[in-house]
Structure formats: structure tokens, C-alpha cells
Amino acid sequence: MSKPKAKAAQTHQAGVYKPDSVRDVAESLGISNLSDAVASSLASDVEYRIHQVVEEASRFMRHARRTTITTSDIDQALRVLNIEPLYGHSNNPPAFRRALPFPHLASVGPVYFVEDEEIDFERVLREEKITLPKGVSWAAHWLAVEGIQPLIPENPPAIPKDIDQDISKSPPQTNAGFPPTTPSENRPAIKKQQQQQQQQLVKQVLSRELQLYYTRLTSSLLPPSTSDVAKRTAALASLRHDAGLQALLPYLIRWVGEGVVTSLKEGAQSENDGKTLEVLLDVISSVLDNNTLFIEPYLHQMLPAILSTLLHSTLPPSHATHLRTSAAQTLSRLLTQHSTTYPSLSPRIMKTLLVALISADKSKGTREGAIRGLVGIGKEAVRKGLVEGGGVKVVGSECAPGESGPLVDSVMSALQVLQPPSDMPESLEPTDDADAATIDQLRNVLGDFFAEKLYGDKALALGILGSISR
């Protein structure tokens, strides 16, 4: 039984990969007590894997019609065997040179080495230096600002030079949707040239589709006497929901502002002017409802149209209350959406409304609009402007005893914002000491006119007075 074992050991020792190599690798990994049987088994397995890789590499060599195995054949064989390839070996074999024999070590045999290229430092220093390219990075730039493409290196030129010269030589073409503003005779020629350049820029920025959309949109909305109700409703729905109208936004806001000025400059007493203002307010409301539009740069252009309608002294009698209410609601929505972005917007508008409410030379229509605007801003604006600011006393001093109308109704509605009226009101009794003190306080805060209107609701009166002391 011992002789076959000896033969088996001899067969193991006859392999290419020796057990001593396995022990060397094990010792480098910190394994010092590796037995001879384990080392022989591992050596046999390594040799088998080497034969397997070489056999697969030889197949790639034969398919490539070559007689020498290259490193690429080994890499392909390792990939076929699902083994990670070895990196850092090129396909071009290095040139080996034979070293001179060592006379004092004749048993060493021939020695080969890879010849290194000699580098001449003087030649390298004389050559032109190659600068390394910058690393990959990114930077933000404005593609368009308010619908106009800025002339920066990152953006392509808006108008080529040859086309620009042709346009400057030929007279500008007038577009039906955007009529040019004719300069007055006393303006210099430079102003006229700037206007022509601006018109050419508008022609380049807006596409033909947007110009056609603008023309049909404005013709469907105004004038209200001839425009169809279905078309007007569809146009407002398009403004409220359609995307891609950002480039058209400044022209729409300008059109609304010009329409408001035209309707108000003659006094706005006709029925047609009232309907026009209602349509223009609906346009502003639709633009605010469109979530795809960036309207913050145009808030300073939208506010004059809203405040002019809200605070104008003379509006058509049949549309005055509706117009002021709609303008106040639009103003409230605008402040709700953008007061966080512009913290100074609400105080500025409140200051404008307070001036219109308290100033001595304002009409009743202007005061009514200011009160409705304060209601639209919120409860705190009503408390500060109408009660603490003395707005109620100013309005009450101009009202005759027993007078009623939109102004009085607007004040009562504003006071009910501070304290809702009770379902079962209880009147104040002048004979009662507590009620008499409440009546005196009401007269001091609200004035005689509006204090008398609150005598019939004790809870409402006490709630308004309680809001002041908070």
C-alpha cells in the first residue's frame, strides 16, 4: 500500500507549479503551518487552472491565425472563464536584450533585460511644453432674460451680421399684432433709431406662431361688445392653462396696462368701459393662475393696472362694486403668491391704500376701493388701517346721518372681518353702566356714524374693540 502513495507523491512533484511556491505564497499571507498534502493539492489545482487558461488563450490565438500567444489572448480567456482580467499589460511585447556574461558566475546562464530609453533632459527642456486641458466642469448662464437672449459667448448670436446689415438698410416691417409707437416730431432721430431697433428685436424674439396667437387672443377678448362670449371664455382658459407663453407675457401685461389707461382716462362712465375693465382684470387673474409663467419680474407693471381700477374715483355705476371687488381679490391673490418673495410688497401696497383712505381730498369711490383693498390684504390690514389708523372716523365724518350706499356697506363688511356678527344680536343699553362705557369707547374709536350702526349687536361691538387691545 505504501508504494502507490510514493508514486502519487512523485506525480505531484513532477508538476509545473511546485508545492514550495504554494508555501511561499501562504507565508506571505501569514499562514506558516501549511501541511504538505494541502500544498500539493493546491499546486495541482493551480496548475490545472493555468492549463485551462492557456488552452482557452490558444483558441483565440488559432482563430486570429497567429503562432504566438499575446496578452490580449490571455485577457479574452480570463473573460470567457469569468475571471477578472489582468490590467497593465500591453499587447506590444517589450524588446529584450541579452546581458553580457558574468565571468565569475558561469553557472547563472544567460540573462535578458528590457532596455530603457535614454532621455535627454536638455532636449526635453528645449521642447514646447504641453499644457494639460482643464477638467470637466459646468457653469450656469442666462439663456434668456425676460424673453430676450443676452449676447454672451455661451449663447449663439441672435442675428447674424449679414442679416443685421440687410435689416438696417431696409425699412422695418410693421406687424399687425405689435404696432410700433410713432415718435413725436420733437424727439431726436436717435430715439427713432432706438425704437426701430427695439421693434426689430421684438420681431426676432417672438415667433410667428406667438404673434398670431397674440393677435387672435386680443381680438377674442376686446372689444367686449363685438367679441363672442365663448371665444372670450376659451381665450381666458388658454391664458390660465397653456404653457409656452413666457415670451408673450411682457406684451400681454403692456396691453392690459394700456387698456386700463384708455378706459379710465375719460372717466370710465360708459357701459363699454366697465365691461372692458372686467375683461382686463380677468386677464390678470388668468395670468396669475398659470403656474408655468414666471411673473415676478413683471409685478411692478401689473400693480398699477390693479390699483388704478381699485382706487379710481369714477367707475361705471353698474360695474363699480364688481370691479372694485374683483380688483381687491386679484390684489389679495397676488400678495398671497409673492409676498414671501418680496417682503416689502405688502407694506408698500398697504401704505398706498392708507393714503387713499385717510387723505382729505379723496372721493368716496377711492375710499371704497381702499377699504376693499385692505379687506383683500387681510384682517391685520383692516385693524391697522381702518380702526387704529382712523379710516372709519374719516369715512364716517363725510357721511350724512342715515346715509347708506356702497361705501357704508364696504366699511361694515370690513368691520365684520374683525368680528363676525352674532346670529342672535343683543343691543347695547345706554342705561347700563358697562354698555354706556362701551358706547363711549365705540364713539372714540369709530366715530358717531358707525358707532350707532353697532349699537344693535353687542357681541360685534365688543369683538371690534377687543381686536384693538390685542
# chains A, B, ... in the order shown; residues from 1 in each chain; ligands from 1

call {"tool": "residues_around", "arguments": {"residues": "Ser40 of chain A", "least_positions_apart": "4", "cutoff": "10 Å", "atoms": "only C-alpha atoms", "output": "PyMOL selection string"}}
result
chain A and resi 9+12-13+15+17-20+22-23+35-36+44-46

call {"tool": "write_last_selection", "arguments": {"atoms": "C-alpha atoms", "output": "tab-separated table (two decimals), in the first residue's frame"}}
result
chain	number	residue	atom	x	y	z
A	9	ALA	CA	3.67	11.85	-4.47
A	12	HIS	CA	2.53	15.58	-7.73
A	13	GLN	CA	6.19	16.62	-7.56
A	15	GLY	CA	4.08	19.29	-11.97
A	17	TYR	CA	3.73	24.57	-10.18
A	18	LYS	CA	5.65	23.27	-7.16
A	19	PRO	CA	4.26	22.96	-3.60
A	20	ASP	CA	7.17	25.15	-2.46
A	22	VAL	CA	2.37	27.48	-2.62
A	23	ARG	CA	4.14	27.56	0.74
A	35	SER	CA	0.77	20.89	5.55
A	36	ASP	CA	2.43	19.07	2.63
A	44	SER	CA	-2.22	20.66	-8.59
A	45	ASP	CA	-5.31	22.88	-8.69
A	46	VAL	CA	-3.28	25.96	-9.70

call {"tool": "select_by_dssp", "arguments": {"residues": "segment 377-432 of chain A", "states": "helix (DSSP H, G or I)", "output": "ChimeraX atom specification"}}
result
/A:377,379-388,391-398,406-418

call {"tool": "write_last_selection", "arguments": {"atoms": "N, CA, C and O atoms", "output": "tab-separated table (two decimals), in the first residue's frame"}}
result
chain	number	residue	atom	x	y	z
A	377	ILE	N	-56.19	92.36	1.64
A	377	ILE	CA	-54.87	92.08	2.22
A	377	ILE	C	-55.01	91.17	3.44
A	377	ILE	O	-54.23	90.24	3.63
A	379	LYS	N	-56.95	90.53	7.70
A	379	LYS	CA	-57.54	91.03	8.93
A	379	LYS	C	-56.64	92.06	9.61
A	379	LYS	O	-57.11	93.08	10.14
A	380	GLU	N	-55.33	91.81	9.61
A	380	GLU	CA	-54.41	92.74	10.26
A	380	GLU	C	-54.39	94.09	9.56
A	380	GLU	O	-54.30	95.14	10.22
A	381	ALA	N	-54.50	94.09	8.24
A	381	ALA	CA	-54.54	95.36	7.50
A	381	ALA	C	-55.80	96.14	7.82
A	381	ALA	O	-55.78	97.37	7.94
A	382	VAL	N	-56.93	95.44	7.98
A	382	VAL	CA	-58.18	96.12	8.34
A	382	VAL	C	-58.06	96.73	9.74
A	382	VAL	O	-58.49	97.87	9.97
A	383	ARG	N	-57.48	96.00	10.66
A	383	ARG	CA	-57.37	96.52	12.03
A	383	ARG	C	-56.46	97.75	12.08
A	383	ARG	O	-56.80	98.75	12.71
A	384	LYS	N	-55.30	97.67	11.41
A	384	LYS	CA	-54.37	98.79	11.48
A	384	LYS	C	-54.83	99.99	10.66
A	384	LYS	O	-54.66	101.14	11.09
A	385	GLY	N	-55.38	99.74	9.48
A	385	GLY	CA	-55.73	100.85	8.62
A	385	GLY	C	-57.10	101.44	8.88
A	385	GLY	O	-57.27	102.67	8.86
A	386	LEU	N	-58.07	100.60	9.17
A	386	LEU	CA	-59.45	101.08	9.27
A	386	LEU	C	-59.78	101.51	10.69
A	386	LEU	O	-60.49	102.51	10.89
A	387	VAL	N	-59.31	100.77	11.68
A	387	VAL	CA	-59.68	101.06	13.07
A	387	VAL	C	-58.59	101.89	13.75
A	387	VAL	O	-58.81	103.02	14.17
A	388	GLU	N	-57.40	101.34	13.86
A	388	GLU	CA	-56.33	102.06	14.55
A	388	GLU	C	-55.85	103.27	13.75
A	388	GLU	O	-55.43	104.27	14.33
A	391	GLY	N	-59.37	105.30	9.75
A	391	GLY	CA	-60.09	105.32	8.48
A	391	GLY	C	-61.59	105.34	8.65
A	391	GLY	O	-62.32	105.99	7.89
A	392	VAL	N	-62.10	104.63	9.67
A	392	VAL	CA	-63.55	104.60	9.90
A	392	VAL	C	-64.06	105.98	10.29
A	392	VAL	O	-65.11	106.44	9.82
A	393	LYS	N	-63.33	106.69	11.12
A	393	LYS	CA	-63.74	108.02	11.55
A	393	LYS	C	-63.73	109.00	10.39
A	393	LYS	O	-64.62	109.86	10.27
A	394	VAL	N	-62.75	108.87	9.48
A	394	VAL	CA	-62.69	109.77	8.32
A	394	VAL	C	-63.89	109.54	7.41
A	394	VAL	O	-64.53	110.48	6.94
A	395	VAL	N	-64.20	108.27	7.15
A	395	VAL	CA	-65.35	107.97	6.29
A	395	VAL	C	-66.65	108.38	6.96
A	395	VAL	O	-67.56	108.95	6.34
A	396	GLY	N	-66.77	108.13	8.27
A	396	GLY	CA	-67.99	108.49	8.97
A	396	GLY	C	-68.22	109.99	9.04
A	396	GLY	O	-69.37	110.45	9.03
A	397	SER	N	-67.15	110.76	9.08
A	397	SER	CA	-67.31	112.21	9.12
A	397	SER	C	-67.84	112.78	7.82
A	397	SER	O	-68.41	113.88	7.80
A	398	GLU	N	-67.67	112.06	6.72
A	398	GLU	CA	-68.15	112.53	5.43
A	398	GLU	C	-69.53	111.98	5.08
A	398	GLU	O	-70.09	112.35	4.04
A	406	PRO	N	-72.64	101.99	-1.24
A	406	PRO	CA	-71.51	101.05	-1.35
A	406	PRO	C	-70.39	101.35	-0.36
A	406	PRO	O	-69.76	100.43	0.17
A	407	LEU	N	-70.14	102.65	-0.08
A	407	LEU	CA	-69.07	102.99	0.85
A	407	LEU	C	-69.39	102.51	2.26
A	407	LEU	O	-68.55	101.92	2.95
A	408	VAL	N	-70.61	102.76	2.71
A	408	VAL	CA	-71.01	102.32	4.05
A	408	VAL	C	-71.02	100.80	4.14
A	408	VAL	O	-70.59	100.20	5.13
A	409	ASP	N	-71.52	100.16	3.09
A	409	ASP	CA	-71.54	98.70	3.08
A	409	ASP	C	-70.12	98.11	3.13
A	409	ASP	O	-69.89	97.08	3.79
A	410	SER	N	-69.18	98.75	2.41
A	410	SER	CA	-67.81	98.25	2.43
A	410	SER	C	-67.18	98.38	3.82
A	410	SER	O	-66.44	97.49	4.26
A	411	VAL	N	-67.48	99.48	4.54
A	411	VAL	CA	-66.95	99.65	5.89
A	411	VAL	C	-67.53	98.59	6.82
A	411	VAL	O	-66.80	97.98	7.63
A	412	MET	N	-68.82	98.34	6.74
A	412	MET	CA	-69.43	97.34	7.60
A	412	MET	C	-68.90	95.93	7.30
A	412	MET	O	-68.68	95.13	8.21
A	413	SER	N	-68.69	95.66	6.02
A	413	SER	CA	-68.11	94.35	5.66
A	413	SER	C	-66.70	94.21	6.20
A	413	SER	O	-66.29	93.13	6.65
A	414	ALA	N	-65.93	95.32	6.17
A	414	ALA	CA	-64.58	95.27	6.70
A	414	ALA	C	-64.58	95.07	8.22
A	414	ALA	O	-63.76	94.33	8.76
A	415	LEU	N	-65.50	95.72	8.92
A	415	LEU	CA	-65.57	95.54	10.37
A	415	LEU	C	-65.98	94.12	10.74
A	415	LEU	O	-65.56	93.59	11.77
A	416	GLN	N	-66.80	93.51	9.90
A	416	GLN	CA	-67.20	92.14	10.18
A	416	GLN	C	-66.07	91.14	9.94
A	416	GLN	O	-66.17	89.98	10.35
A	417	VAL	N	-65.00	91.59	9.26
A	417	VAL	CA	-63.82	90.73	9.14
A	417	VAL	C	-63.13	90.58	10.50
A	417	VAL	O	-62.60	89.52	10.85
A	418	LEU	N	-63.15	91.68	11.30
A	418	LEU	CA	-62.55	91.62	12.63
A	418	LEU	C	-63.37	90.77	13.59
A	418	LEU	O	-62.81	90.06	14.43

call {"tool": "atom_distance", "arguments": {"atom1": "atom CA of Val261 of chain A", "atom2": "atom CA of Glu278 of chain A"}}
result
13.5 Å

call {"tool": "select_by_dssp", "arguments": {"residues": "segment 61-160 of chain A", "states": "strand (DSSP E or B)", "output": "number ranges by chain"}}
result
A: 96-98, 112-114, 145, 148

call {"tool": "write_last_selection", "arguments": {"atoms": "C-alpha atoms", "output": "PDB file, in the first residue's frame"}}
result
ATOM      1  CA  PHE A  96      14.581  42.171 -24.550  1.00  0.00           C
ATOM      2  CA  ARG A  97      18.360  42.411 -24.803  1.00  0.00           C
ATOM      3  CA  ARG A  98      20.864  39.805 -23.664  1.00  0.00           C
ATOM      4  CA  TYR A 112      17.903  39.107 -20.504  1.00  0.00           C
ATOM      5  CA  PHE A 113      16.670  42.591 -19.635  1.00  0.00           C
ATOM      6  CA  VAL A 114      14.345  45.256 -21.030  1.00  0.00           C
ATOM      7  CA  VAL A 145     -33.885  87.262 -19.665  1.00  0.00           C
ATOM      8  CA  ILE A 148     -34.592  88.322 -24.717  1.00  0.00           C
TER       9      ILE A 148
END

call {"tool": "residues_around", "arguments": {"residues": "segment 221-231 of chain A", "least_positions_apart": "3", "cutoff": "7 Å", "atoms": "only C-alpha atoms", "output": "ChimeraX atom specification"}}
result
/A:217-218,234-235,275-276,279

call {"tool": "residues_around", "arguments": {"residues": "Pro297 of chain A", "least_positions_apart": "5", "cutoff": "12 Å", "atoms": "only C-alpha atoms", "output": "ChimeraX atom specification"}}
result
/A:145-147,246,249-250,253,302-303,338,341-342

call {"tool": "closest_residue", "arguments": {"among": "A:Gln52, A:Thr292, A:Thr325, A:Gln301", "to": "Ile83 of chain A", "atoms": "only C-alpha atoms"}}
result
A:Gln52

call {"tool": "residues_around", "arguments": {"residues": "Thr68 of chain A", "least_positions_apart": "5", "cutoff": "12 Å", "atoms": "only C-alpha atoms", "output": "list in words"}}
result
Val54, Ala57, Ser58, Arg59, Phe60, Met61, Arg62, His63, Asp73, Ile74, Asn91 and Pro93 of chain A

call {"tool": "atom_distance", "arguments": {"atom1": "atom CA of His51 of chain A", "atom2": "atom CA of Asn33 of chain A"}}
result
28.0 Å

call {"tool": "closest_residue", "arguments": {"among": "A:Glu56, A:Ser285, A:Arg367, A:Ile358", "to": "Leu331 of chain A", "atoms": "only C-alpha atoms"}}
result
A:Ser285

call {"tool": "residues_around", "arguments": {"residues": "Asn155 of chain A", "least_positions_apart": "5", "cutoff": "10 Å", "atoms": "only C-alpha atoms", "output": "PDB file with N, CA, C and O atoms, in the first residue's frame"}}
result
ATOM      1  N   HIS A 141     -25.537  79.931 -16.991  1.00  0.00           N
ATOM      2  CA  HIS A 141     -25.633  81.225 -17.667  1.00  0.00           C
ATOM      3  C   HIS A 141     -27.079  81.434 -18.095  1.00  0.00           C
ATOM      4  O   HIS A 141     -27.881  80.492 -18.168  1.00  0.00           O
ATOM      5  N   TRP A 142     -27.413  82.676 -18.366  1.00  0.00           N
ATOM      6  CA  TRP A 142     -28.790  83.035 -18.725  1.00  0.00           C
ATOM      7  C   TRP A 142     -29.026  82.720 -20.196  1.00  0.00           C
ATOM      8  O   TRP A 142     -28.370  83.274 -21.081  1.00  0.00           O
ATOM      9  N   LEU A 143     -29.973  81.834 -20.463  1.00  0.00           N
ATOM     10  CA  LEU A 143     -30.367  81.569 -21.840  1.00  0.00           C
ATOM     11  C   LEU A 143     -31.252  82.685 -22.374  1.00  0.00           C
ATOM     12  O   LEU A 143     -31.166  83.069 -23.547  1.00  0.00           O
ATOM     13  N   ALA A 144     -32.106  83.233 -21.518  1.00  0.00           N
ATOM     14  CA  ALA A 144     -32.968  84.342 -21.909  1.00  0.00           C
ATOM     15  C   ALA A 144     -33.361  85.086 -20.649  1.00  0.00           C
ATOM     16  O   ALA A 144     -33.560  84.485 -19.594  1.00  0.00           O
ATOM     17  N   GLN A 149     -32.671  87.068 -25.469  1.00  0.00           N
ATOM     18  CA  GLN A 149     -31.449  86.293 -25.312  1.00  0.00           C
ATOM     19  C   GLN A 149     -30.263  87.231 -25.138  1.00  0.00           C
ATOM     20  O   GLN A 149     -29.987  88.063 -26.001  1.00  0.00           O
ATOM     21  N   PRO A 150     -29.518  87.148 -24.014  1.00  0.00           N
ATOM     22  CA  PRO A 150     -28.365  88.031 -23.825  1.00  0.00           C
ATOM     23  C   PRO A 150     -27.213  87.651 -24.753  1.00  0.00           C
ATOM     24  O   PRO A 150     -27.021  86.488 -25.092  1.00  0.00           O
TER      25      PRO A 150
END

call {"tool": "closest_residue", "arguments": {"among": "A:Ser286, A:Thr71, A:Ser318, A:Ser32", "to": "Thr330 of chain A", "atoms": "only C-alpha atoms"}}
result
A:Ser286

call {"tool": "atom_distance", "arguments": {"atom1": "atom CA of Tyr214 of chain A", "atom2": "atom CA of Ser263 of chain A"}}
result
20.6 Å

call {"tool": "closest_residue", "arguments": {"among": "A:Ser270, A:Thr131, A:Ser332, A:Ser339", "to": "Glu296 of chain A", "atoms": "only C-alpha atoms"}}
result
A:Ser339
